[in-house]
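Participant: The structure under discussion is supplied below as structure tokens; questions concerning it will follow.
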Amino acid sequence: MKLLFEGDHGKALCEHCQQVVTTTYVRRNVPFSDGHGEAKDVLVGICDVCETVVAIPAQSTPAIKEARKHQLTPIEARLPAIYLDVLDAAMHVVTKEASVQTRKLFISYYLRELVETKAADRLQRTHYEFSQWFSKQMTCRHLTPSRSMKRLSMKVNSYVADDFIILLEATHMTRTDLLKSVIWHIQEDVIEHRNPVVISDLQRLTRVAM
């Protein structure tokens with residue numbers, strides 16, 4: 001691999017000019033192809049005729065990938081307050097140092113696990129089972145279901161956002177119902193069954209993140 005410097009020249013095909021052109025390597029902010037965000041101050045080859053970016057050297061690829069990874073996407077939903085209570089209780093089981101920011105870590109971990117294990121059908125079933133369980137609890141305790149709602153709001157990287165979209169498409173669930181189901185999976189693994197593998201994984205993640 002040839003290491004390039006600012007001011008070096010080369011040749012590349014320019015789509016704008018529709019011909020092979022001479023290029024000059026300079027530092028530029030490079031927009032992502034989807035139009036959301038950019039990689040700042042990376043070395044690229046620009047067309048000497050129209051100044052369009054036409055070449056990205058290998059040495060610039062890691063910086064562009066890193067910038068892409070940190071481009072954040074919001075995931076938001078209004079949920080019955082009990083769901084966030086459940087999530088926070090599970091976080092407290094894993095670490096006494098848990099904060100609101102730890103919610104994103106737990107949700108992200110479970111989205112990846114559910115994608116890797118192709119567990120979309122479990123999500124739909126879990127959502128139904130929790131609805132039934134919750135109704136039964138309210139009846140047994142002679143309680144009226146609370147109308148209190150809270151917002152779950154996270155900004156996640158492109159990998160987590162992709163996992164979320166994959167599960168949405170596989171389950172045909174709404175964003176809200178999907179998040180409800182994911183949280184109930186967390187409750188089952190961490191609070192109810194005290195799954196040692198899951199808890200150990202989450203403890204390692206929280207130690208690194210804090």
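Letters for chains follow the order of the structure tokens (A, B, ...), residue numbers begin at 1 for each chain, and ligand numbers begin at 1 in the order shown.
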Within 12 Å of Val198 of chain A, counting only C-alpha atoms, which residues show up once you throw out same-chain ones fewer than 5 positions away? Write them as a ChimeraX atom specification, please.
Facilitator: /A:90-91,93-94,106,109-110,113,185-191,193,203-205
Participant: With C-alpha atoms retained, write the just-selected residues as a CSV table (one decimal), in the first residue's frame.
Facilitator:
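Generated output (again32.csv):
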chain,number,residue,atom,x,y,z
A,90,ALA,CA,-32.6,-5.1,36.0
A,91,MET,CA,-29.8,-2.6,35.6
A,93,VAL,CA,-29.2,-6.2,39.6
A,94,VAL,CA,-26.2,-6.0,37.2
A,106,PHE,CA,-28.7,-2.9,27.9
A,109,TYR,CA,-26.9,-5.6,23.9
A,110,TYR,CA,-30.3,-7.3,23.6
A,113,GLU,CA,-28.4,-10.9,20.8
A,185,HIS,CA,-36.8,-10.2,27.8
A,186,ILE,CA,-34.3,-8.3,30.0
A,187,GLN,CA,-36.7,-8.8,33.0
A,188,GLU,CA,-36.9,-12.5,32.3
A,189,ASP,CA,-33.1,-13.1,32.0
A,190,VAL,CA,-31.9,-10.7,34.7
A,191,ILE,CA,-34.6,-10.4,37.3
A,193,HIS,CA,-34.0,-16.2,36.0
A,203,GLN,CA,-21.3,-6.5,33.9
A,204,ARG,CA,-18.3,-6.5,31.6
A,205,LEU,CA,-20.0,-4.1,29.3
Participant: Do you know which residues are at most 6 Å from segment 61-73 of chain A counting only C-alpha atoms, after dropping those on the same chain fewer than 4 positions away, and could you put them as a tab-separated table (two decimals) with N, CA and C atoms, in the first residue's frame?
Facilitator:
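New file out11.tsv:
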chain	number	residue	atom	x	y	z
A	39	ALA	N	-17.54	12.52	7.51
A	39	ALA	CA	-16.24	12.26	8.13
A	39	ALA	C	-15.40	13.52	7.93
A	155	LYS	N	-29.74	7.73	21.73
A	155	LYS	CA	-29.08	7.96	20.46
A	155	LYS	C	-28.05	6.85	20.29
A	156	VAL	N	-28.20	6.07	19.22
A	156	VAL	CA	-27.38	4.88	19.05
A	156	VAL	C	-26.56	4.97	17.76
A	157	ASN	N	-25.49	4.18	17.70
A	157	ASN	CA	-24.68	4.17	16.49
A	157	ASN	C	-25.37	3.38	15.37
A	158	SER	N	-24.77	3.40	14.21
A	158	SER	CA	-25.41	2.81	13.03
A	158	SER	C	-25.62	1.31	13.17
Participant: Measure the distance from atom CA of Trp184 of chain A to atom CA of Asp85 of chain A in Å and round it to one decimal.
Facilitator: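 Calculated distance between atom CA of Trp184 of chain A and atom CA of Asp85 of chain A is 11.1 Å.
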Participant: Excluding Met1 of chain A and any residue of its chain fewer than 5 positions from it, enumerate the residues within 12 Å of it, using only C-alpha atoms, and give them as a VMD selection string.
Facilitator: chain A and resid 57 to 59
Participant: Report the closest atom pair, with its distance in Å rounded to one decimal, for each residue of segment 32-92 of chain A that has an atom no farther than 9 Å from segment 126-150 of chain A; count only C-alpha atoms, sort by chain and then rising residue number, and write it as a Markdown table.
Facilitator:
| residue | atom | partner | partner_atom | distance |
| --- | --- | --- | --- | --- |
| A:Ala77 | CA | A:Lys150 | CA | 8.4 |
| A:Arg78 | CA | A:Lys150 | CA | 5.6 |
| A:Leu79 | CA | A:Lys150 | CA | 5.5 |
| A:Pro80 | CA | A:Met149 | CA | 4.4 |
| A:Ala81 | CA | A:Met149 | CA | 4.8 |
| A:Ile82 | CA | A:Ser148 | CA | 8.3 |
| A:Tyr83 | CA | A:Lys150 | CA | 8.8 |
| A:Leu84 | CA | A:Lys150 | CA | 7.5 |
Participant: Quick one: everything within 12 Å of Lys118 of chain A, counting only C-alpha atoms, minus sequence neighbours fewer than 6 positions away in the same chain. Send it as a list in words.
Facilitator: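 Non-adjacent residues within range: Tyr110, Leu111, Arg112, Asp163, Ile166, Leu167, Ala170 and Thr171 of chain A.
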